[in-house]
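All remarks here apply to the structure that follows.
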Amino acid sequence: MSPHNKQQSAEIVFENVSKFYGEILGVNRVNLTIGPGITSLVGPNGSGKTTLMNLMTGLIQPTRGSIRILGISPDNPQELFRKLGYCGQFDSFPKGVTGYEFVRSFLLVHGLSAKEVEKKTWRAIERVDLIEAAHRKVAAYSKGMRQRIRLAQSIAHEPAVMILDEPLNGLDPIARHETKRLFRDLAKEGLHLIISSHILHEVDMISDRVVLINNGYILAEGGVSGVREEMEEHPMQILIRCKNPSELAARVFAGDNVVEAQLHRDKNGLFIKTRDADSFYLMINRIVIESGMEIETITPVDDDLNAVYHYLIGSNGGGAT
Amino acid sequence: MSSMIEAGAVKPLATKTDWSLWLRQIRMILRLEVKKNFWGKRALLIYLLSAIPVLIMFVLVFFVPNADVDIDRHWGGAQEVFGNIFESLILRTIVFFGCAWIFMNLFRGEIVDKSLHYYFLCPLRREVLVAGKYISGFVVSALLFSLTTAGSLFLLYYGRGYPANVDYLIDGPGMGQVLTYIGITILGCLGYGAVFIVIGLFFRNPIFPALLVYGWEWLNFLLPPVLKKISIVHYLHTLSPVPMNEGPLATIATTTSPWISVPSLLIFTILVLYWASRRIRKMEISYGNE
């Protein structure tokens, strides 16, 4: 094997890849090489992140170009999915399954022995901290739990490449923290992790590298530090859903990283603007632990993100190097 | 690159290991799908459908006055009535729509539930997935509809009364007829299953193509002899121990021997499944468009 081929077999390579849905552009002329570690695909909703991920997994086929995942083509599922795990955005499950059955049943299809399947199933469920809920029906899980059990299903066969489409969506702050820690652990084990997000703040702390994508084009790729510096100067808006937003507002203002807070119209939520989302999330964790306050969801707000992207992407990706 | 991947890239033919893996995978798909087909909510309709002929026979035997005497006295006529019930109700309606429901849902149902991608994300050749799903649908439909046929025949024989029924079954041609009817039912599941798995795979709205096939199968008796042979029901009809009278409008076609009918259906099934296996390799998951 030539050194070039050897290197390719350790990477994920897109060569001039385009995907059109009829006349609608999915992604265009993507040339990308992704090595081990955590790579974040960041772009606004509809920018082409999921298309890239679906192309990598063979769920859709490129109109032009070629993709190799560790030297394997996506149209060879028998080889590919021994090495690749995909946690997509589809929040759907086979009907009537428990978390345990869900992870186990698809491991069985891998053709492993029953003993091995059992071991790997529990190991994966343990990694996402769902042991106690494993025998409950997935339909009764919260959104965060469903996200985690899908994650367990995608890591259960111990792949070398993990593709995760918006994996932090719907997770509460503690689960979010735990999941990020899991990603870091997996990356330390030498895995390729490709994580998509429409929020740079959400992934920049854990990413070794960021790929910015918009309107189907890769705008920039590289280290996160340059991008992060620019993002920090621009406040990010977050919506927190809880029963007593006024009390929460008073508590978050005690910290120094909130620049603005506004009650939601229905009085069951609070809009926060912060320049440092990571510190803010840590602060929220502390508040929840100390006060026992119940928080339903924490969601970065798209409208504001579009403004951030307008800044970031409108400058032709100058911030990202 | 690992040696396994290198070897995979150059080998053109499946090795023994591949076959053993594929068989293991088919067995696992079978376990999952048979369970789903028997116990899932979608199974309820199939249970109801398969019970209809048995209920009709039950009513004919137990609720029609002097049914036992009539059946025994006009045994030839009773067999003809059953032959008509078998072909028009069991074969052309129950087996047809039952297979449509079971086999179209194997893929279409998962697309509607947005869960097909879990299979597509397994280290599984898509051809193996088609085989596994088809076999699971076949097992379920063949089992259920064979029970329907057997149950209906049991009631017919029961209605004839003892000991005439036992004599006919054991010493007469009864057992051969039972096995032939069940065999036809199984062949029906085999052929219709292949047609409907393809329709479920490649048509976003499978109802119209299914109705088209239904019309073609029902109007088969009116078709010219050459076209008659492009249908499943033609071959099943020729196998029937007491063929249904297709009426004065039916075109006359030469009877196809069982030695041609059965292999023809098997070859047809294999060809359709082969085509489906080729096509599914290019299939994309786009639930958003469903």
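Letters A, B, ... go to the chains of the structure tokens in the order shown; residues in each chain start at 1; ligands are counted from 1 in the same order.
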
ask   = Which residues of chain B are close to chain A, meaning at most 6 Å apart when you count only C-alpha atoms, and how do they look as a VMD selection string?
value = chain B and resid 1 24 to 25 28 114 to 115 122 to 125 284 to 285

Could you save the residues just selected, with N, CA, C and O atoms, as a compact mmCIF listing (two decimals), in the first residue's frame?
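So result.txt came out as:
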```
# COMPACT_ATOMS: atom_id res chain seq x y z
N MET B 1 -4.46 0.69 6.53
CA MET B 1 -5.73 -0.03 6.29
C MET B 1 -5.58 -1.45 6.83
O MET B 1 -4.55 -2.09 6.69
N ARG B 24 -26.50 -15.77 9.42
CA ARG B 24 -26.70 -15.35 10.83
C ARG B 24 -27.51 -14.06 10.87
O ARG B 24 -28.43 -13.90 11.68
N GLN B 25 -27.17 -13.15 9.97
CA GLN B 25 -27.87 -11.86 9.95
C GLN B 25 -29.33 -12.05 9.53
O GLN B 25 -30.23 -11.44 10.11
N MET B 28 -31.29 -13.23 12.42
CA MET B 28 -31.57 -12.17 13.40
C MET B 28 -32.69 -11.25 12.89
O MET B 28 -33.57 -10.85 13.66
N LYS B 114 -40.24 6.03 10.33
CA LYS B 114 -38.90 6.63 10.32
C LYS B 114 -37.90 5.79 11.10
O LYS B 114 -37.13 6.30 11.93
N SER B 115 -37.92 4.49 10.87
CA SER B 115 -36.97 3.64 11.58
C SER B 115 -36.15 2.75 10.64
O SER B 115 -35.34 1.96 11.11
N CYS B 122 -26.53 -0.65 9.80
CA CYS B 122 -25.91 -1.87 10.32
C CYS B 122 -24.93 -2.41 9.27
O CYS B 122 -25.11 -2.17 8.09
N PRO B 123 -23.90 -3.15 9.71
CA PRO B 123 -22.96 -3.74 8.74
C PRO B 123 -23.62 -4.90 8.00
O PRO B 123 -23.35 -6.07 8.27
N LEU B 124 -24.50 -4.54 7.12
CA LEU B 124 -25.42 -5.51 6.54
C LEU B 124 -25.59 -5.17 5.07
O LEU B 124 -25.91 -4.01 4.74
N ARG B 125 -25.34 -6.13 4.22
CA ARG B 125 -25.60 -5.87 2.79
C ARG B 125 -27.10 -5.66 2.63
O ARG B 125 -27.90 -6.37 3.25
N GLU B 284 -32.25 5.75 -1.13
CA GLU B 284 -31.85 6.80 -0.20
C GLU B 284 -32.91 6.97 0.88
O GLU B 284 -34.09 6.74 0.62
N ILE B 285 -32.48 7.38 2.04
CA ILE B 285 -33.43 7.64 3.13
C ILE B 285 -33.74 9.13 3.13
O ILE B 285 -32.85 9.95 3.29
```

query = Could you pull the residues within 7 Å of range 255-259 of chain A, counting only C-alpha atoms, minus those fewer than 3 positions along the same chain, as JSON, numbers by chain?
reply = {"A": [252, 272, 273, 274, 275, 276, 280]}

Deliver the residues from the most recent selection as a file, using C-alpha atoms, as a PDB file, in the first residue's frame.
```pdb
ATOM      1  CA  VAL A 252     -28.080  34.573  36.719  1.00  0.00           C
ATOM      2  CA  ILE A 272     -30.575  35.347  28.282  1.00  0.00           C
ATOM      3  CA  LYS A 273     -27.830  37.096  26.334  1.00  0.00           C
ATOM      4  CA  THR A 274     -24.316  36.068  27.221  1.00  0.00           C
ATOM      5  CA  ARG A 275     -20.856  36.641  25.793  1.00  0.00           C
ATOM      6  CA  ASP A 276     -19.508  33.422  27.257  1.00  0.00           C
ATOM      7  CA  PHE A 280     -22.979  30.517  31.524  1.00  0.00           C
TER       8      PHE A 280
END
```

ask   = Which one is closest to Val198 in chain B: B:Ala67, B:Val128, B:Val34, B:Leu106? Count only C-alpha atoms.
value =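 Closest to Val198 in chain B of all the choices is B:Leu106.
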
Close residues, Asn84 in chain B itself excluded, 10 Å, only C-alpha atoms, min 6 positions apart in chain, as number ranges by chain = B: 78, 90-91, 242-246

request  = Could you tell me which of B:Arg108, B:Arg281, B:Arg73, B:Arg92 comes closest to Lys133 in chain B if we count only C-alpha atoms?
outcome  =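 Distance minimum relative to Lys133 in chain B lands on B:Arg108.
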
Name the residues in contact with Ile232 in chain B at a cut-off of 10 Å, using only C-alpha atoms, excluding same-chain residues fewer than 6 positions from it; report them as an mmCIF file with all heavy atoms, in the first residue's frame.
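And here is the file that came out, around-v2.cif:
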```
data_model
loop_
_atom_site.group_PDB
_atom_site.id
_atom_site.type_symbol
_atom_site.label_atom_id
_atom_site.label_comp_id
_atom_site.auth_asym_id
_atom_site.auth_seq_id
_atom_site.Cartn_x
_atom_site.Cartn_y
_atom_site.Cartn_z
ATOM 1 N N ARG B 92 -57.726 -14.854 -3.806
ATOM 2 C CA ARG B 92 -57.708 -13.573 -4.532
ATOM 3 C C ARG B 92 -58.009 -12.386 -3.631
ATOM 4 O O ARG B 92 -57.823 -11.251 -4.052
ATOM 5 C CB ARG B 92 -58.724 -13.600 -5.676
ATOM 6 C CG ARG B 92 -58.343 -14.617 -6.739
ATOM 7 C CD ARG B 92 -59.314 -14.579 -7.889
ATOM 8 N NE ARG B 92 -59.187 -15.789 -8.692
ATOM 9 C CZ ARG B 92 -59.284 -15.798 -10.004
ATOM 10 N NH1 ARG B 92 -59.495 -14.704 -10.668
ATOM 11 N NH2 ARG B 92 -59.166 -16.934 -10.662
ATOM 12 N N LEU B 187 -47.775 -20.961 -1.995
ATOM 13 C CA LEU B 187 -47.232 -20.425 -3.256
ATOM 14 C C LEU B 187 -47.778 -19.012 -3.510
ATOM 15 O O LEU B 187 -47.068 -18.143 -4.018
ATOM 16 C CB LEU B 187 -47.592 -21.337 -4.432
ATOM 17 C CG LEU B 187 -46.738 -22.591 -4.591
ATOM 18 C CD1 LEU B 187 -47.303 -23.477 -5.689
ATOM 19 C CD2 LEU B 187 -45.291 -22.228 -4.920
ATOM 20 N N GLY B 188 -49.043 -18.804 -3.146
ATOM 21 C CA GLY B 188 -49.638 -17.464 -3.275
ATOM 22 C C GLY B 188 -48.873 -16.459 -2.441
ATOM 23 O O GLY B 188 -48.538 -15.357 -2.904
ATOM 24 N N LEU B 190 -45.823 -16.689 -1.499
ATOM 25 C CA LEU B 190 -44.487 -16.558 -2.092
ATOM 26 C C LEU B 190 -44.504 -15.533 -3.232
ATOM 27 O O LEU B 190 -43.690 -14.606 -3.280
ATOM 28 C CB LEU B 190 -44.068 -17.931 -2.621
ATOM 29 C CG LEU B 190 -42.608 -18.201 -2.848
ATOM 30 C CD1 LEU B 190 -41.917 -18.490 -1.532
ATOM 31 C CD2 LEU B 190 -42.436 -19.414 -3.762
ATOM 32 N N GLY B 191 -45.456 -15.710 -4.148
ATOM 33 C CA GLY B 191 -45.512 -14.844 -5.339
ATOM 34 C C GLY B 191 -45.991 -13.439 -5.007
ATOM 35 O O GLY B 191 -45.335 -12.457 -5.370
ATOM 36 N N TYR B 192 -47.118 -13.353 -4.320
ATOM 37 C CA TYR B 192 -47.638 -12.018 -3.987
ATOM 38 C C TYR B 192 -46.665 -11.276 -3.061
ATOM 39 O O TYR B 192 -46.517 -10.059 -3.155
ATOM 40 C CB TYR B 192 -49.018 -12.122 -3.335
ATOM 41 C CG TYR B 192 -50.120 -12.483 -4.302
ATOM 42 C CD1 TYR B 192 -51.020 -13.507 -4.036
ATOM 43 C CD2 TYR B 192 -50.256 -11.791 -5.507
ATOM 44 C CE1 TYR B 192 -52.029 -13.839 -4.935
ATOM 45 C CE2 TYR B 192 -51.261 -12.129 -6.416
ATOM 46 C CZ TYR B 192 -52.139 -13.147 -6.124
ATOM 47 O OH TYR B 192 -53.117 -13.463 -7.029
ATOM 48 N N VAL B 195 -44.083 -9.559 -5.112
ATOM 49 C CA VAL B 195 -44.635 -8.383 -5.804
ATOM 50 C C VAL B 195 -44.796 -7.220 -4.818
ATOM 51 O O VAL B 195 -44.384 -6.087 -5.092
ATOM 52 C CB VAL B 195 -46.016 -8.731 -6.429
ATOM 53 C CG1 VAL B 195 -46.699 -7.472 -6.944
ATOM 54 C CG2 VAL B 195 -45.835 -9.724 -7.550
ATOM 55 N N VAL B 213 -52.561 -4.168 -9.568
ATOM 56 C CA VAL B 213 -52.256 -5.606 -9.584
ATOM 57 C C VAL B 213 -53.525 -6.400 -9.260
ATOM 58 O O VAL B 213 -53.794 -7.437 -9.878
ATOM 59 C CB VAL B 213 -51.142 -5.949 -8.553
ATOM 60 C CG1 VAL B 213 -50.887 -7.456 -8.513
ATOM 61 C CG2 VAL B 213 -49.857 -5.223 -8.893
ATOM 62 N N TRP B 216 -55.708 -6.553 -12.276
ATOM 63 C CA TRP B 216 -55.096 -7.459 -13.260
ATOM 64 C C TRP B 216 -55.348 -8.914 -12.878
ATOM 65 O O TRP B 216 -55.712 -9.742 -13.725
ATOM 66 C CB TRP B 216 -53.585 -7.176 -13.322
ATOM 67 C CG TRP B 216 -52.846 -8.030 -14.297
ATOM 68 C CD1 TRP B 216 -52.162 -9.185 -14.028
ATOM 69 C CD2 TRP B 216 -52.704 -7.825 -15.709
ATOM 70 N NE1 TRP B 216 -51.602 -9.699 -15.156
ATOM 71 C CE2 TRP B 216 -51.914 -8.887 -16.220
ATOM 72 C CE3 TRP B 216 -53.154 -6.840 -16.588
ATOM 73 C CZ2 TRP B 216 -51.576 -8.995 -17.558
ATOM 74 C CZ3 TRP B 216 -52.807 -6.957 -17.935
ATOM 75 C CH2 TRP B 216 -52.037 -8.017 -18.410
ATOM 76 N N GLU B 217 -55.179 -9.225 -11.603
ATOM 77 C CA GLU B 217 -55.373 -10.594 -11.141
ATOM 78 C C GLU B 217 -56.849 -11.010 -11.244
ATOM 79 O O GLU B 217 -57.152 -12.139 -11.606
ATOM 80 C CB GLU B 217 -54.887 -10.736 -9.686
ATOM 81 C CG GLU B 217 -53.381 -10.586 -9.511
ATOM 82 C CD GLU B 217 -52.591 -11.761 -10.076
ATOM 83 O OE1 GLU B 217 -52.456 -12.797 -9.396
ATOM 84 O OE2 GLU B 217 -52.122 -11.638 -11.217
ATOM 85 N N ASN B 220 -58.080 -11.562 -14.808
ATOM 86 C CA ASN B 220 -57.241 -12.540 -15.492
ATOM 87 C C ASN B 220 -58.055 -13.463 -16.403
ATOM 88 O O ASN B 220 -57.624 -13.823 -17.501
ATOM 89 C CB ASN B 220 -56.486 -13.356 -14.438
ATOM 90 C CG ASN B 220 -55.600 -14.396 -15.044
ATOM 91 O OD1 ASN B 220 -56.004 -15.523 -15.245
ATOM 92 N ND2 ASN B 220 -54.395 -13.987 -15.382
ATOM 93 N N SER B 261 -46.024 -24.714 -13.490
ATOM 94 C CA SER B 261 -46.570 -23.664 -12.616
ATOM 95 C C SER B 261 -45.672 -23.381 -11.411
ATOM 96 O O SER B 261 -45.321 -22.229 -11.142
ATOM 97 C CB SER B 261 -47.945 -24.063 -12.083
ATOM 98 O OG SER B 261 -48.853 -24.159 -13.125
ATOM 99 N N SER B 264 -42.298 -21.982 -12.273
ATOM 100 C CA SER B 264 -42.476 -20.620 -12.817
ATOM 101 C C SER B 264 -42.642 -19.614 -11.693
ATOM 102 O O SER B 264 -42.038 -18.530 -11.710
ATOM 103 C CB SER B 264 -43.714 -20.551 -13.709
ATOM 104 O OG SER B 264 -43.560 -21.397 -14.791
ATOM 105 N N LEU B 265 -43.484 -19.973 -10.700
ATOM 106 C CA LEU B 265 -43.687 -19.057 -9.577
ATOM 107 C C LEU B 265 -42.399 -18.845 -8.786
ATOM 108 O O LEU B 265 -42.096 -17.730 -8.357
ATOM 109 C CB LEU B 265 -44.785 -19.601 -8.653
ATOM 110 C CG LEU B 265 -46.212 -19.306 -9.104
ATOM 111 C CD1 LEU B 265 -47.217 -20.120 -8.310
ATOM 112 C CD2 LEU B 265 -46.520 -17.813 -8.945
ATOM 113 N N PHE B 268 -40.108 -16.661 -10.876
ATOM 114 C CA PHE B 268 -40.629 -15.287 -10.848
ATOM 115 C C PHE B 268 -40.248 -14.601 -9.527
ATOM 116 O O PHE B 268 -39.751 -13.469 -9.515
ATOM 117 C CB PHE B 268 -42.155 -15.329 -11.007
ATOM 118 C CG PHE B 268 -42.831 -14.029 -10.708
ATOM 119 C CD1 PHE B 268 -42.836 -12.998 -11.635
ATOM 120 C CD2 PHE B 268 -43.460 -13.815 -9.481
ATOM 121 C CE1 PHE B 268 -43.456 -11.785 -11.347
ATOM 122 C CE2 PHE B 268 -44.077 -12.616 -9.185
ATOM 123 C CZ PHE B 268 -44.076 -11.599 -10.122
#
```

inquiry  = With distances taken over only C-alpha atoms, which residue among A:Gly65, A:Pro167, A:Pro173, A:Pro300 lies nearest Gln237 in chain A?
reply    =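 Of A:Gly65, A:Pro167, A:Pro173, A:Pro300, the one nearest Gln237 in chain A is A:Pro300, counting only C-alpha atoms.
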
ask   = Near range 27-41 of chain A, counting only C-alpha atoms, which residues have an atom at most 6 Å away, once you skip same-chain residues fewer than 6 positions from it, shown as a ChimeraX atom specification?
value = /A:11-19,48,187,191-196,207-211,216-217

inquiry  = I want to know what sits within 12 Å of Met293 in chain A, based on only C-alpha atoms, with residues of the same chain fewer than 4 positions away left out; could you give that as a list of chain:residue names?
reply    =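 In the requested format, the answer is A:Arg241, A:Cys242, A:Lys243, A:Asn244, A:Pro245, A:Ser246, A:Glu247, A:Leu248, A:Arg251, A:Ile284, A:Asn285, A:Arg286, A:Ile287, A:Val288, A:Ile289.
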
key: Option closest in space to Lys35 in chain B, from A:Asp204, A:Met236, A:Val97, A:Glu158 [counting only C-alpha atoms]   =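 With only C-alpha atoms as the atom set, the closest residue is A:Val97.
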
Please provide the set of residues having any atom within 6 Å of range 269-273 of chain B, restricted to only C-alpha atoms, with same-chain residues fewer than 3 positions apart removed, written as a CSV table (one decimal) with N, CA, C and O atoms, in the first residue's frame.
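Dumped to selection_22.csv:
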```
chain,number,residue,atom,x,y,z
B,191,GLY,N,-45.5,-15.7,-4.1
B,191,GLY,CA,-45.5,-14.8,-5.3
B,191,GLY,C,-46.0,-13.4,-5.0
B,191,GLY,O,-45.3,-12.5,-5.4
B,194,ALA,N,-43.4,-11.4,-3.1
B,194,ALA,CA,-42.4,-10.8,-3.9
B,194,ALA,C,-42.9,-9.5,-4.6
B,194,ALA,O,-42.2,-8.5,-4.6
B,266,LEU,N,-41.7,-19.9,-8.6
B,266,LEU,CA,-40.4,-19.8,-7.9
B,266,LEU,C,-39.4,-18.9,-8.6
B,266,LEU,O,-38.8,-18.1,-8.0
B,276,ALA,N,-35.2,-6.4,-6.8
B,276,ALA,CA,-35.4,-5.5,-5.6
B,276,ALA,C,-34.0,-5.3,-4.9
B,276,ALA,O,-33.7,-4.2,-4.5
```

ask   = Which parts of range 14-210 of chain B does DSSP call alpha helix (DSSP H) when run on the backbone here, written out as a PyMOL selection string?
value = chain B and resi 16-39+43-63+67-73+75-84+96-112+116-120+126-160+164-166+174-202+207-210

Mind running range 171-192 of chain B against range 146-151 of chain B at 12 Å and telling me each contacting residue's nearest atom pair with the distance in Å (one decimal), counting only C-alpha atoms, chain and number ascending, as a Markdown table?
```
| residue | atom | partner | partner_atom | distance |
| --- | --- | --- | --- | --- |
| B:Gly174 | CA | B:Ala150 | CA | 11.9 |
| B:Met175 | CA | B:Ala150 | CA | 10.8 |
| B:Gln177 | CA | B:Ala150 | CA | 10.5 |
| B:Val178 | CA | B:Ala150 | CA | 7.0 |
| B:Leu179 | CA | B:Ala150 | CA | 8.8 |
| B:Thr180 | CA | B:Thr149 | CA | 10.4 |
| B:Tyr181 | CA | B:Thr149 | CA | 7.0 |
| B:Ile182 | CA | B:Ser146 | CA | 5.4 |
| B:Gly183 | CA | B:Ser146 | CA | 8.2 |
| B:Ile184 | CA | B:Ser146 | CA | 9.1 |
| B:Thr185 | CA | B:Ser146 | CA | 6.2 |
| B:Ile186 | CA | B:Ser146 | CA | 6.8 |
| B:Leu187 | CA | B:Ser146 | CA | 10.4 |
| B:Gly188 | CA | B:Ser146 | CA | 10.4 |
| B:Cys189 | CA | B:Ser146 | CA | 9.6 |
```

Include all heavy atoms and write out the residues we just selected as a compact mmCIF listing (two decimals), in the first residue's frame.
```txt
# COMPACT_ATOMS: atom_id res chain seq x y z
N GLY B 174 -59.03 -36.86 0.40
CA GLY B 174 -59.12 -35.68 1.27
C GLY B 174 -57.79 -35.08 1.68
O GLY B 174 -57.55 -33.88 1.52
N MET B 175 -56.89 -35.94 2.19
CA MET B 175 -55.61 -35.42 2.69
C MET B 175 -54.81 -34.76 1.57
O MET B 175 -54.19 -33.71 1.75
CB MET B 175 -54.82 -36.56 3.34
CG MET B 175 -53.58 -36.10 4.10
SD MET B 175 -53.96 -34.84 5.34
CE MET B 175 -54.58 -35.85 6.67
N GLN B 177 -56.01 -33.31 -1.04
CA GLN B 177 -56.63 -32.01 -1.35
C GLN B 177 -56.22 -30.96 -0.31
O GLN B 177 -55.91 -29.82 -0.66
CB GLN B 177 -58.15 -32.15 -1.38
CG GLN B 177 -58.66 -32.80 -2.65
CD GLN B 177 -60.18 -32.81 -2.72
OE1 GLN B 177 -60.86 -32.27 -1.86
NE2 GLN B 177 -60.71 -33.44 -3.75
N VAL B 178 -56.23 -31.37 0.96
CA VAL B 178 -55.85 -30.42 2.02
C VAL B 178 -54.43 -29.91 1.76
O VAL B 178 -54.17 -28.70 1.78
CB VAL B 178 -55.93 -31.10 3.42
CG1 VAL B 178 -55.33 -30.20 4.49
CG2 VAL B 178 -57.37 -31.44 3.76
N LEU B 179 -53.54 -30.85 1.50
CA LEU B 179 -52.14 -30.45 1.28
C LEU B 179 -52.01 -29.59 0.03
O LEU B 179 -51.22 -28.64 -0.01
CB LEU B 179 -51.24 -31.69 1.18
CG LEU B 179 -51.13 -32.50 2.49
CD1 LEU B 179 -50.29 -33.75 2.28
CD2 LEU B 179 -50.52 -31.66 3.61
N THR B 180 -52.80 -29.91 -1.01
CA THR B 180 -52.72 -29.12 -2.24
C THR B 180 -53.21 -27.69 -1.98
O THR B 180 -52.57 -26.72 -2.40
CB THR B 180 -53.55 -29.76 -3.37
OG1 THR B 180 -53.16 -31.11 -3.49
CG2 THR B 180 -53.34 -29.04 -4.68
N TYR B 181 -54.36 -27.58 -1.29
CA TYR B 181 -54.88 -26.23 -0.99
C TYR B 181 -53.86 -25.43 -0.16
O TYR B 181 -53.63 -24.24 -0.42
CB TYR B 181 -56.20 -26.32 -0.22
CG TYR B 181 -57.42 -26.51 -1.11
CD1 TYR B 181 -58.28 -27.60 -0.94
CD2 TYR B 181 -57.71 -25.60 -2.12
CE1 TYR B 181 -59.40 -27.77 -1.74
CE2 TYR B 181 -58.83 -25.77 -2.93
CZ TYR B 181 -59.67 -26.84 -2.74
OH TYR B 181 -60.77 -27.00 -3.54
N ILE B 182 -53.26 -26.09 0.84
CA ILE B 182 -52.27 -25.38 1.66
C ILE B 182 -51.05 -25.01 0.82
O ILE B 182 -50.51 -23.90 0.92
CB ILE B 182 -51.87 -26.24 2.89
CG1 ILE B 182 -53.07 -26.30 3.85
CG2 ILE B 182 -50.66 -25.65 3.61
CD1 ILE B 182 -52.88 -27.21 5.06
N GLY B 183 -50.65 -25.93 -0.05
CA GLY B 183 -49.52 -25.65 -0.94
C GLY B 183 -49.79 -24.44 -1.83
O GLY B 183 -48.93 -23.58 -2.02
N ILE B 184 -51.03 -24.37 -2.36
CA ILE B 184 -51.39 -23.23 -3.22
C ILE B 184 -51.34 -21.93 -2.41
O ILE B 184 -50.84 -20.90 -2.87
CB ILE B 184 -52.79 -23.42 -3.84
CG1 ILE B 184 -52.80 -24.64 -4.77
CG2 ILE B 184 -53.23 -22.18 -4.61
CD1 ILE B 184 -54.19 -25.06 -5.21
N THR B 185 -51.84 -22.01 -1.18
CA THR B 185 -51.83 -20.82 -0.31
C THR B 185 -50.38 -20.36 -0.10
O THR B 185 -50.07 -19.16 -0.20
CB THR B 185 -52.47 -21.16 1.05
OG1 THR B 185 -53.74 -21.75 0.82
CG2 THR B 185 -52.62 -19.93 1.91
N ILE B 186 -49.50 -21.31 0.17
CA ILE B 186 -48.09 -20.96 0.42
C ILE B 186 -47.47 -20.37 -0.84
O ILE B 186 -46.74 -19.37 -0.78
CB ILE B 186 -47.32 -22.20 0.92
CG1 ILE B 186 -47.80 -22.55 2.34
CG2 ILE B 186 -45.82 -21.97 0.91
CD1 ILE B 186 -47.28 -23.86 2.88
N LEU B 187 -47.77 -20.96 -1.99
CA LEU B 187 -47.23 -20.42 -3.26
C LEU B 187 -47.78 -19.01 -3.51
O LEU B 187 -47.07 -18.14 -4.02
CB LEU B 187 -47.59 -21.34 -4.43
CG LEU B 187 -46.74 -22.59 -4.59
CD1 LEU B 187 -47.30 -23.48 -5.69
CD2 LEU B 187 -45.29 -22.23 -4.92
N GLY B 188 -49.04 -18.80 -3.15
CA GLY B 188 -49.64 -17.46 -3.28
C GLY B 188 -48.87 -16.46 -2.44
O GLY B 188 -48.54 -15.36 -2.90
N CYS B 189 -48.55 -16.83 -1.21
CA CYS B 189 -47.79 -15.93 -0.32
C CYS B 189 -46.41 -15.65 -0.91
O CYS B 189 -45.91 -14.52 -0.84
CB CYS B 189 -47.64 -16.55 1.07
SG CYS B 189 -49.19 -16.76 1.93
```

Filtered DSSP result for range 5-156 of chain A, state strand (DSSP E), as a PyMOL selection string = chain A and resi 12-21+24-34+37-42+64-69+84-87

key: Two-atom distance - CA of Ser197 in chain A, CA of Val42 in chain A (Å)   = 5.1 Å
